[in-house]
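With mmCIF, C-alpha atoms (C1' of nucleotides) inside, this is entry_27.cif:
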data_target
#
loop_
_atom_site.label_atom_id
_atom_site.label_comp_id
_atom_site.auth_asym_id
_atom_site.auth_seq_id
_atom_site.Cartn_x
_atom_site.Cartn_y
_atom_site.Cartn_z
CA MET A 1 104.70 127.57 132.28
CA GLU A 2 103.51 126.02 135.51
CA ASN A 3 104.10 122.33 135.74
CA ILE A 4 100.45 121.55 136.22
CA ASP A 5 99.56 123.48 133.07
CA SER A 6 102.18 121.47 131.18
CA THR A 7 100.47 118.31 132.30
CA TYR A 8 97.11 119.56 131.14
CA LEU A 9 98.59 120.71 127.82
CA ALA A 10 100.20 117.31 127.27
CA LYS A 11 96.85 115.61 127.80
CA LEU A 12 95.28 117.91 125.22
CA GLN A 13 98.13 117.22 122.81
CA ASP A 14 97.60 113.48 123.21
CA HIS A 15 93.88 113.88 122.64
CA TYR A 16 94.56 115.89 119.52
CA ALA A 17 97.11 113.38 118.26
CA GLU A 18 94.58 110.63 118.67
CA ASN A 19 91.45 112.37 117.44
CA GLY A 20 92.55 115.14 115.13
CA VAL A 21 90.39 117.68 116.92
CA LEU A 22 90.23 119.50 120.22
CA PRO A 23 87.12 118.76 122.27
CA PRO A 24 84.59 121.12 123.87
CA TYR A 25 85.10 122.37 127.41
CA SER A 26 82.77 119.75 128.85
CA THR A 27 85.01 117.00 127.50
CA ILE A 28 88.20 118.79 128.50
CA MET A 29 86.85 118.67 132.08
CA GLY A 30 87.10 114.90 132.01
CA ILE A 31 90.45 114.84 130.27
CA VAL A 32 92.22 117.09 132.77
CA GLY A 33 90.30 115.98 135.85
CA MET A 34 88.26 119.08 136.56
CA LYS A 35 84.61 119.03 137.57
CA SER A 36 83.46 122.28 136.10
CA LYS A 37 83.84 124.26 132.92
CA SER A 38 84.97 127.31 134.90
CA PRO A 39 88.50 126.16 135.63
CA VAL A 40 88.67 124.74 132.11
CA ALA A 41 87.87 128.22 130.83
CA ALA A 42 90.61 129.61 133.04
CA LEU A 43 93.11 127.02 131.79
CA VAL A 44 92.15 127.72 128.18
CA ALA A 45 92.66 131.43 128.77
CA ARG A 46 96.16 130.81 130.16
CA LEU A 47 97.07 128.51 127.25
CA LYS A 48 95.76 131.06 124.77
CA LEU A 49 97.87 133.77 126.34
CA GLN A 50 100.95 131.62 125.80
CA GLY A 51 100.18 130.73 122.20
CA TYR A 52 99.24 127.08 122.67
CA LEU A 53 95.54 127.46 121.90
CA GLU A 54 93.39 129.75 119.81
CA SER A 55 89.68 130.11 119.12
CA THR A 56 87.98 129.68 115.77
CA PRO A 57 85.36 132.19 114.63
CA GLU A 58 82.78 129.63 115.79
CA LYS A 59 84.20 129.75 119.30
CA ARG A 60 85.79 126.34 119.09
CA LEU A 61 89.32 125.68 120.23
CA LYS A 62 92.08 125.09 117.75
CA PRO A 63 95.81 124.48 118.18
CA GLY A 64 97.93 127.61 118.47
CA ARG A 65 101.33 127.92 116.92
CA ARG A 66 103.10 126.57 119.97
CA PHE A 67 100.81 123.54 120.32
CA PHE A 68 103.21 121.47 118.24
CA GLU A 69 106.39 122.40 120.02
CA ARG A 70 108.33 119.36 121.25
CA PRO A 71 111.06 119.32 123.88
CA ILE A 72 114.51 118.76 122.45
CA PHE A 73 117.59 117.44 124.23
CA ASP A 74 121.20 117.54 123.35
CA SER A 75 122.35 113.96 123.40
CA VAL A 76 125.43 114.60 125.48
CA ARG A 77 123.31 115.74 128.35
CA ALA A 78 121.59 112.81 129.91
CA GLY A 79 119.58 114.94 131.95
CA PHE A 80 116.65 113.22 133.60
CA PRO A 81 114.13 115.61 132.26
CA SER A 82 110.84 115.68 134.03
CA PRO A 83 108.23 114.61 131.48
CA ALA A 84 105.68 117.12 132.62
CA GLY A 85 107.40 119.80 130.59
CA ASP A 86 110.19 121.43 132.47
CA ALA A 87 109.71 124.93 131.14
CA ASN A 88 113.45 125.41 130.79
CA HIS A 89 113.83 122.91 127.99
CA ASP A 90 114.50 123.97 124.48
CA THR A 91 111.70 123.17 122.11
CA LEU A 92 111.39 122.62 118.40
CA THR A 93 108.46 122.57 116.03
CA ILE A 94 109.24 119.95 113.42
CA ASP A 95 107.27 121.37 110.51
CA GLU A 96 108.55 124.90 111.06
CA PHE A 97 112.06 123.56 111.33
CA LEU A 98 111.98 121.49 108.16
CA VAL A 99 109.69 123.46 105.85
CA SER A 100 110.63 127.06 105.08
CA HIS A 101 108.40 127.70 102.07
CA PRO A 102 105.25 125.58 102.36
CA SER A 103 103.71 126.75 99.09
CA SER A 104 106.67 125.49 97.06
CA THR A 105 107.48 122.42 99.10
CA VAL A 106 106.52 118.83 98.37
CA LEU A 107 107.34 115.49 99.94
CA VAL A 108 108.91 112.78 97.82
CA ASN A 109 109.25 109.14 98.71
CA VAL A 110 112.69 107.62 98.25
CA LYS A 111 112.60 104.30 96.46
CA GLY A 112 116.17 103.31 95.74
CA ASP A 113 119.39 103.05 97.67
CA SER A 114 121.64 105.17 95.49
CA MET A 115 122.09 107.71 98.30
CA ILE A 116 122.51 105.24 101.12
CA ASP A 117 126.00 106.39 102.07
CA ALA A 118 124.57 109.87 102.59
CA GLY A 119 122.12 108.49 105.12
CA ILE A 120 119.11 108.49 102.82
CA LEU A 121 117.49 105.07 102.83
CA PRO A 122 114.74 103.50 100.76
CA GLY A 123 111.44 104.37 102.39
CA ASP A 124 112.67 107.74 103.62
CA THR A 125 110.84 110.88 102.67
CA VAL A 126 112.66 113.90 101.39
CA ILE A 127 111.42 117.44 101.60
CA VAL A 128 111.79 119.17 98.25
CA GLU A 129 111.56 122.84 97.39
CA LYS A 130 110.49 123.13 93.81
CA ARG A 131 113.14 125.15 91.98
CA ALA A 132 114.70 124.75 88.58
CA VAL A 133 118.07 126.14 89.62
CA ALA A 134 120.46 124.46 92.03
CA ASN A 135 124.05 124.79 93.13
CA VAL A 136 126.86 122.29 92.85
CA GLY A 137 126.84 120.16 95.98
CA ASP A 138 123.10 120.47 96.49
CA LEU A 139 120.99 117.40 96.91
CA VAL A 140 118.52 117.60 94.04
CA ILE A 141 115.57 115.82 92.54
CA ALA A 142 116.22 115.76 88.83
CA ILE A 143 114.10 114.34 86.03
CA ILE A 144 115.91 111.76 83.94
CA ASP A 145 114.04 109.68 81.33
CA ASN A 146 110.80 110.99 82.71
CA GLU A 147 111.60 109.71 86.17
CA PHE A 148 112.60 111.40 89.39
CA THR A 149 116.06 110.72 90.61
CA LEU A 150 117.67 111.89 93.82
CA LYS A 151 121.37 112.69 93.61
CA THR A 152 123.98 115.24 94.48
CA LEU A 153 124.54 117.84 91.78
CA GLY A 154 128.07 117.85 90.48
CA LYS A 155 129.97 119.63 87.74
CA GLU A 156 132.33 118.29 85.15
CA LYS A 157 133.94 120.06 82.25
CA ASN A 158 131.20 118.91 79.89
CA GLY A 159 128.41 120.07 82.12
CA TYR A 160 126.44 119.13 85.21
CA VAL A 161 126.33 115.57 86.50
CA LEU A 162 124.40 113.64 89.14
CA ILE A 163 126.52 111.93 91.75
CA PRO A 164 125.20 108.98 93.77
CA ALA A 165 126.28 108.17 97.30
CA ASN A 166 126.62 104.44 96.76
CA PRO A 167 129.55 102.92 94.83
CA ALA A 168 127.16 100.48 93.14
CA TYR A 169 125.69 103.31 91.09
CA PRO A 170 127.36 105.30 88.31
CA VAL A 171 127.67 109.02 87.99
CA ILE A 172 124.88 110.16 85.65
CA ARG A 173 125.94 112.37 82.79
CA PRO A 174 122.77 113.55 81.07
CA LYS A 175 122.89 114.35 77.36
CA GLY A 176 121.46 117.79 76.73
CA ASP A 177 120.01 119.93 79.48
CA MET A 178 119.36 118.56 82.88
CA GLU A 179 115.93 119.18 84.30
CA ILE A 180 115.89 119.98 87.99
CA PHE A 181 112.58 119.47 89.75
CA GLY A 182 113.76 120.88 93.06
CA ILE A 183 116.31 120.88 95.79
CA VAL A 184 116.17 118.67 98.82
CA VAL A 185 116.03 120.69 102.02
CA GLY A 186 115.26 117.96 104.49
CA GLN A 187 114.53 114.31 105.11
CA PHE A 188 112.62 112.22 107.64
CA ARG A 189 111.98 108.59 108.51
CA LYS A 190 109.57 106.76 110.73
CA TYR A 191 110.53 103.58 112.55
CA LYS A 192 107.29 102.75 114.35
CA MET B 4 84.02 109.15 94.46
CA GLU B 5 82.12 111.75 92.48
CA ASN B 6 84.24 114.59 91.25
CA ILE B 7 82.15 117.17 92.99
CA ASP B 8 82.63 115.38 96.29
CA SER B 9 86.39 115.38 95.70
CA THR B 10 86.22 119.12 95.30
CA TYR B 11 84.29 119.51 98.54
CA LEU B 12 86.69 117.16 100.33
CA ALA B 13 89.69 119.13 99.10
CA LYS B 14 88.18 122.31 100.47
CA LEU B 15 87.69 120.65 103.83
CA GLN B 16 91.26 119.34 103.76
CA ASP B 17 92.55 122.83 103.03
CA HIS B 18 90.50 124.24 105.87
CA TYR B 19 91.85 121.61 108.20
CA ALA B 20 95.42 122.18 107.06
CA GLU B 21 95.05 125.85 107.80
CA ASN B 22 93.08 125.71 111.01
CA GLY B 23 93.81 122.37 112.61
CA VAL B 24 90.10 121.64 113.10
CA LEU B 25 87.03 120.83 111.08
CA PRO B 26 84.27 123.43 111.33
CA PRO B 27 80.56 123.02 112.17
CA TYR B 28 78.00 122.41 109.40
CA SER B 29 77.03 126.06 109.25
CA THR B 30 80.60 127.00 108.34
CA ILE B 31 81.00 124.08 105.94
CA MET B 32 78.02 125.55 104.04
CA GLY B 33 80.09 128.60 103.22
CA ILE B 34 83.22 126.64 102.43
CA VAL B 35 81.59 124.34 99.87
CA GLY B 36 79.07 126.83 98.51
CA MET B 37 75.85 125.38 99.85
CA LYS B 38 73.03 127.43 101.32
CA SER B 39 71.63 124.98 103.80
CA LYS B 40 72.85 122.50 106.35
CA SER B 41 70.77 119.73 104.76
CA PRO B 42 73.02 119.10 101.79
CA VAL B 43 76.02 119.54 104.08
CA ALA B 44 74.60 116.74 106.20
CA ALA B 45 74.18 114.64 103.10
CA LEU B 46 77.76 115.36 101.97
CA VAL B 47 79.07 114.52 105.45
CA ALA B 48 77.12 111.26 105.37
CA ARG B 49 78.68 110.31 102.04
CA LEU B 50 82.18 111.21 103.22
CA LYS B 51 81.65 109.23 106.41
CA LEU B 52 80.58 106.19 104.42
CA GLN B 53 83.85 106.38 102.50
CA GLY B 54 86.05 106.80 105.56
CA TYR B 55 87.03 110.43 105.06
CA LEU B 56 85.12 111.81 108.03
CA GLU B 57 84.01 110.53 111.40
CA SER B 58 82.08 111.95 114.33
CA THR B 59 83.40 112.51 117.81
CA PRO B 60 81.33 111.49 120.83
CA GLU B 61 80.30 115.13 121.04
CA LYS B 62 78.87 114.98 117.50
CA ARG B 63 81.66 117.06 116.01
CA LEU B 64 83.38 116.06 112.83
CA LYS B 65 86.88 114.71 112.89
CA PRO B 66 89.14 113.42 110.13
CA GLY B 67 88.52 109.81 109.18
CA ARG B 68 91.23 107.33 108.32
CA ARG B 69 91.23 108.33 104.66
CA PHE B 70 91.12 112.09 105.25
CA PHE B 71 94.88 112.33 104.93
CA GLU B 72 95.09 110.52 101.64
CA ARG B 73 96.46 113.14 99.31
CA PRO B 74 98.48 112.76 96.20
CA ILE B 75 102.18 112.93 96.92
CA PHE B 76 105.03 112.42 94.59
CA ASP B 77 106.40 108.98 94.15
CA SER B 78 110.04 109.16 93.34
CA VAL B 79 110.01 106.59 90.57
CA ARG B 80 107.49 108.56 88.61
CA ALA B 81 108.14 111.91 87.13
CA GLY B 82 106.64 115.07 87.48
CA PHE B 83 102.95 114.78 87.89
CA PRO B 84 101.46 114.19 91.28
CA SER B 85 99.96 110.77 91.31
CA PRO B 86 98.82 108.69 94.22
CA ALA B 87 101.65 106.93 95.89
CA GLY B 88 101.36 103.30 96.85
CA ASP B 89 98.66 102.12 99.16
CA ALA B 90 100.75 101.77 102.26
CA ASN B 91 102.39 105.13 101.98
CA HIS B 92 101.97 107.70 104.67
CA ASP B 93 100.03 110.77 103.89
CA THR B 94 100.11 113.68 106.18
CA LEU B 95 99.15 117.26 106.52
CA THR B 96 102.03 117.87 108.86
CA ILE B 97 105.26 116.03 109.43
CA ASP B 98 104.74 116.27 113.18
CA GLU B 99 101.45 114.45 112.87
CA PHE B 100 103.15 111.69 110.94
CA LEU B 101 106.11 111.28 113.25
CA VAL B 102 104.67 111.98 116.71
CA SER B 103 101.96 109.63 117.99
CA HIS B 104 102.10 110.32 121.71
CA PRO B 105 103.10 113.92 122.31
CA SER B 106 103.04 113.69 126.11
CA SER B 107 105.75 111.05 126.13
CA THR B 108 107.76 112.19 123.13
CA VAL B 109 110.96 114.20 123.10
CA LEU B 110 113.50 115.03 120.42
CA VAL B 111 117.18 114.21 120.85
CA ASN B 112 120.06 115.59 118.82
CA VAL B 113 122.47 112.96 117.54
CA LYS B 114 126.12 113.75 118.17
CA GLY B 115 128.18 110.76 117.14
CA ASP B 116 128.46 108.55 114.11
CA SER B 117 127.99 105.17 115.76
CA MET B 118 124.76 104.57 113.84
CA ILE B 119 125.94 105.92 110.52
CA ASP B 120 125.40 102.63 108.68
CA ALA B 121 121.76 102.75 109.74
CA GLY B 122 121.36 106.12 108.10
CA ILE B 123 121.54 108.16 111.27
CA LEU B 124 124.16 110.86 110.93
CA PRO B 125 125.68 113.32 113.37
CA GLY B 126 123.43 116.36 113.46
CA ASP B 127 120.29 114.35 112.88
CA THR B 128 117.43 114.57 115.33
CA VAL B 129 115.70 111.47 116.59
CA ILE B 130 112.16 111.27 117.93
CA VAL B 131 112.06 109.36 121.19
CA GLU B 132 109.09 107.95 123.05
CA LYS B 133 109.98 107.74 126.68
CA ARG B 134 109.58 104.14 127.79
CA ALA B 135 111.66 102.00 130.07
CA VAL B 136 110.91 98.79 128.20
CA ALA B 137 112.02 98.02 124.68
CA ASN B 138 112.19 95.02 122.41
CA VAL B 139 115.24 93.42 120.89
CA GLY B 140 115.88 95.09 117.55
CA ASP B 141 114.44 98.41 118.64
CA LEU B 142 116.48 101.55 118.23
CA VAL B 143 116.80 102.88 121.76
CA ILE B 144 118.19 105.74 123.72
CA ALA B 145 119.91 104.22 126.71
CA ILE B 146 121.67 105.91 129.58
CA ILE B 147 125.27 104.80 130.01
CA ASP B 148 127.60 106.63 132.40
CA ASN B 149 125.02 109.33 132.80
CA GLU B 150 124.96 110.02 129.09
CA PHE B 151 122.48 109.27 126.36
CA THR B 152 123.56 106.77 123.78
CA LEU B 153 121.69 105.75 120.64
CA LYS B 154 122.03 102.11 119.65
CA THR B 155 120.10 99.06 118.59
CA LEU B 156 119.00 96.86 121.49
CA GLY B 157 120.41 93.37 121.28
CA LYS B 158 120.41 90.27 123.48
CA GLU B 159 123.23 88.00 124.49
CA LYS B 160 123.20 85.14 126.91
CA ASN B 161 124.43 87.37 129.72
CA GLY B 162 121.80 90.03 129.14
CA TYR B 163 120.94 92.92 126.92
CA VAL B 164 123.54 94.73 124.84
CA LEU B 165 123.73 97.86 122.70
CA ILE B 166 124.75 97.33 119.11
CA PRO B 167 126.22 100.14 117.02
CA ALA B 168 125.81 100.45 113.25
CA ASN B 169 129.40 101.39 112.55
CA PRO B 170 132.24 98.85 112.70
CA ALA B 171 134.48 101.42 114.39
CA TYR B 172 132.41 101.11 117.57
CA PRO B 173 132.18 98.15 119.96
CA VAL B 174 129.09 96.41 121.18
CA ILE B 175 128.30 97.84 124.61
CA ARG B 176 127.73 95.32 127.36
CA PRO B 177 126.58 97.21 130.41
CA LYS B 178 127.31 95.79 133.82
CA GLY B 179 124.17 95.50 135.87
CA ASP B 180 120.85 96.66 134.62
CA MET B 181 120.58 98.71 131.49
CA GLU B 182 118.61 101.89 131.75
CA ILE B 183 116.44 102.60 128.73
CA PHE B 184 115.36 106.18 128.38
CA GLY B 185 113.11 105.56 125.41
CA ILE B 186 112.65 104.05 122.00
CA VAL B 187 113.38 105.85 118.79
CA VAL B 188 110.30 106.11 116.61
CA GLY B 189 111.53 108.52 114.00
CA GLN B 190 114.31 110.69 112.70
CA PHE B 191 114.75 113.86 110.64
CA ARG B 192 117.50 115.96 109.12
CA LYS B 193 117.69 119.40 107.64
CA TYR B 194 119.98 120.24 104.73
CA LYS B 195 119.18 123.90 104.19
"C1'" DA C 6 57.06 116.37 77.56
"C1'" DC C 7 56.27 114.04 81.67
"C1'" DA C 8 57.02 111.29 85.76
"C1'" DA C 9 60.07 109.65 89.15
"C1'" DT C 10 63.82 110.38 91.85
"C1'" DA C 11 67.64 113.01 93.80
"C1'" DA C 12 69.44 117.09 95.65
"C1'" DT C 13 68.93 121.32 97.87
"C1'" DG C 14 66.91 125.08 100.73
"C1'" DG C 15 64.66 126.58 104.78
"C1'" DA C 16 62.51 125.83 109.20
"C1'" DA C 17 62.08 123.64 113.59
"C1'" DC C 18 63.70 121.45 117.77
"C1'" DG C 19 66.02 119.41 121.80
"C1'" DA C 20 70.77 119.18 123.11
"C1'" DA C 21 75.05 121.18 123.86
"C1'" DC C 22 77.85 125.02 123.55
"C1'" DG C 23 80.98 129.00 125.52
"C1'" DT C 24 80.63 132.48 128.79
"C1'" DT C 25 79.61 134.53 133.09
"C1'" DC C 26 78.33 134.73 137.81
"C1'" DT C 27 78.25 133.41 142.70
"C1'" DA C 28 79.41 130.41 146.42
"C1'" DT C 29 82.70 127.36 148.25
"C1'" DT C 30 87.11 125.50 148.90
"C1'" DG C 31 92.10 125.75 148.78
"C1'" DT C 32 96.46 128.14 149.34
"C1'" DC C 33 99.63 131.29 151.15
"C1'" DA C 34 101.63 134.81 154.06
"C1'" DA C 35 101.78 137.24 158.36
"C1'" DT D 14 95.27 130.89 163.48
"C1'" DT D 15 93.36 134.28 160.54
"C1'" DG D 16 92.63 137.04 156.56
"C1'" DA D 17 93.35 137.81 151.76
"C1'" DC D 18 93.46 136.05 147.50
"C1'" DA D 19 93.27 132.32 144.00
"C1'" DA D 20 91.16 128.39 142.16
"C1'" DT D 21 87.33 125.54 141.54
"C1'" DA D 22 82.46 123.86 141.48
"C1'" DG D 23 77.91 124.47 140.13
"C1'" DA D 24 74.23 127.01 137.99
"C1'" DA D 25 72.28 129.95 134.55
"C1'" DC D 26 71.67 131.84 129.97
"C1'" DG D 27 71.66 133.26 125.13
"C1'" DT D 28 73.65 131.21 121.14
"C1'" DT D 29 74.74 127.56 118.16
"C1'" DC D 30 74.78 122.93 117.33
"C1'" DG D 31 73.44 118.43 114.67
"C1'" DT D 32 69.48 116.29 113.10
"C1'" DT D 33 65.17 115.88 110.97
"C1'" DC D 34 61.34 117.19 108.25
"C1'" DC D 35 58.93 119.15 104.37
"C1'" DA D 36 58.71 121.95 100.26
"C1'" DT D 37 60.99 123.24 96.16
"C1'" DT D 38 64.12 122.72 92.49
"C1'" DA D 39 67.11 119.99 89.60
"C1'" DT D 40 68.19 115.86 87.20
"C1'" DT D 41 67.40 111.70 84.76
"C1'" DG D 42 65.12 108.23 82.06
"C1'" DT D 43 61.36 106.92 79.09
#
Spell out the structure here as structure tokens.
Amino acid sequence: MENIDSTYLAKLQDHYAENGVLPPYSTIMGIVGMKSKSPVAALVARLKLQGYLESTPEKRLKPGRRFFERPIFDSVRAGFPSPAGDANHDTLTIDEFLVSHPSSTVLVNVKGDSMIDAGILPGDTVIVEKRAVANVGDLVIAIIDNEFTLKTLGKEKNGYVLIPANPAYPVIRPKGDMEIFGIVVGQFRKYK
Amino acid sequence: MENIDSTYLAKLQDHYAENGVLPPYSTIMGIVGMKSKSPVAALVARLKLQGYLESTPEKRLKPGRRFFERPIFDSVRAGFPSPAGDANHDTLTIDEFLVSHPSSTVLVNVKGDSMIDAGILPGDTVIVEKRAVANVGDLVIAIIDNEFTLKTLGKEKNGYVLIPANPAYPVIRPKGDMEIFGIVVGQFRKYK
DNA sequence: ACAATAATGGAACGAACGTTCTATTGTCAA
DNA sequence: TTGACAATAGAACGTTCGTTCCATTATTGT
């Protein structure tokens, strides 16, 4: 992608992040610094070709699949990336990366600190695929005493157990069958 | 809110989740099962009053502050989706939740374990807003010896320092000015 | 059952839309 | 410098928009 198109795309991404919609061409003119809808139409056509924008049936613009790509750096390369989207950067789309099966995936807030040594803090959100079957070693959401609990699934000779990652909490050995709500496939946290 | 309005709102939320935009009134008619734009206008007025919808300067609809309120699971309560606490995030996409300023945001892979006690593990990805100025206490990506390093920004009498969250690592006291690449606004991890 | 009110359907209208065209300006290569 | 091509500005146009109005239907209370 040309550098100038990256700059225009970034301005559209900011507008979308702030407003939740993409504007009409006449407004895009102002956003990208053009004085006519003609070059906006040309820009839109280029961005459509590359998967960043699409049109709705009503001829409005909507984000394309690539609209939410974000540049990603390897932390051992302090590279001085140019912000206006060096086209050679790797990119990652967070939702596509974290959510494989949207129809069976839910987000669950983490309330306690029983998994703190595994890097899961209170206030984090975990991404849960709803499944009743899990493997030993999986992070799972189980239902104990009608409450969700997040633990690692373990196995002892008497059956399955739930292992915390915090020495202040005991291993849970449920009587009877253990109910698994789902397996944890991801986690995220916001600082600001 | 009236139950019927909740149903209409849910249909609009689904449309938005799928398309990334809200449609014009004529399309909303079809979505909610009305045959005229008049009752759509009345519905929109009600939803605006309650903070679910807003208008753009171009008279298009955009999500209001409350549009993203959706039931999500709260981990202390079992099994049935119920509204989480007031201050909880709600989001249609994780990207939307974590990325506020796309044009200045990049992702950085975490390689070391110097922040392990802060719940940031090797292999995690952090979301970085590129800024040269940070506050004490912020998680920052700094550039030391031409490499990225992730630490908490601290202050000593001789200047700013970089504080790890792992006792195996020393506080870093850069000679001369410290170069801040950006501040860390979020983090995510994938398990499977 | 009847009256009052609310909700909906359909029509109308000025404004804005996306698209296309032409003229002008800008860029690049010889 | 000149010519060819690309990019942009400005104008035009048929379509669609959001808004408003009025008539009809639905709902509610007495």
What are the residues of chain D that have an atom within 12 Å of an atom of chain A, counting only C-alpha atoms (C1' of nucleotides), as a CSV table (one decimal) with C-alpha atoms (C1' of nucleotides), keeping the file's coordinate frame?
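This went into part_29.csv:
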chain,number,residue,atom,x,y,z
D,19,DA,C1',93.3,132.3,144.0
D,20,DA,C1',91.2,128.4,142.2
D,21,DT,C1',87.3,125.5,141.5
D,22,DA,C1',82.5,123.9,141.5
D,23,DG,C1',77.9,124.5,140.1
D,24,DA,C1',74.2,127.0,138.0
D,28,DT,C1',73.6,131.2,121.1
D,29,DT,C1',74.7,127.6,118.2
D,30,DC,C1',74.8,122.9,117.3
* For this file, the PyMOL selection byres ((chain A) within 7 of (chain B)) selects which residues, as a ChimeraX atom specification? -> /A:10-11,13-14,17,19-21,62-63,70-78,83,94-95,98,107-111,119-121,143,146-149,185-192
* Structure fact -> In-order C-alpha superposition of chain A on chain B by least squares yields an RMSD of 5.0 Å
* Exercise: DA11 (chain C) partners within 10 Å, all atoms listed in the file, chain neighbours under 5 positions left out, as a list in words ->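 Everything that qualifies: DA39, DT40 and DT41 of chain D.
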Can you list what the PyMOL selection byres ((chain C) within 12 of (chain B)) grabs from this structure, as a PDB file with C-alpha atoms (C1' of nucleotides), in the coordinates of the input?
ATOM      1  C1'  DA C  11      67.640 113.010  93.800  1.00  0.00           C
ATOM      2  C1'  DA C  12      69.440 117.090  95.650  1.00  0.00           C
ATOM      3  C1'  DT C  13      68.930 121.320  97.870  1.00  0.00           C
ATOM      4  C1'  DG C  14      66.910 125.080 100.730  1.00  0.00           C
ATOM      5  C1'  DG C  15      64.660 126.580 104.780  1.00  0.00           C
ATOM      6  C1'  DA C  16      62.510 125.830 109.200  1.00  0.00           C
ATOM      7  C1'  DA C  20      70.770 119.180 123.110  1.00  0.00           C
ATOM      8  C1'  DA C  21      75.050 121.180 123.860  1.00  0.00           C
ATOM      9  C1'  DC C  22      77.850 125.020 123.550  1.00  0.00           C
TER      10       DC C  22
END
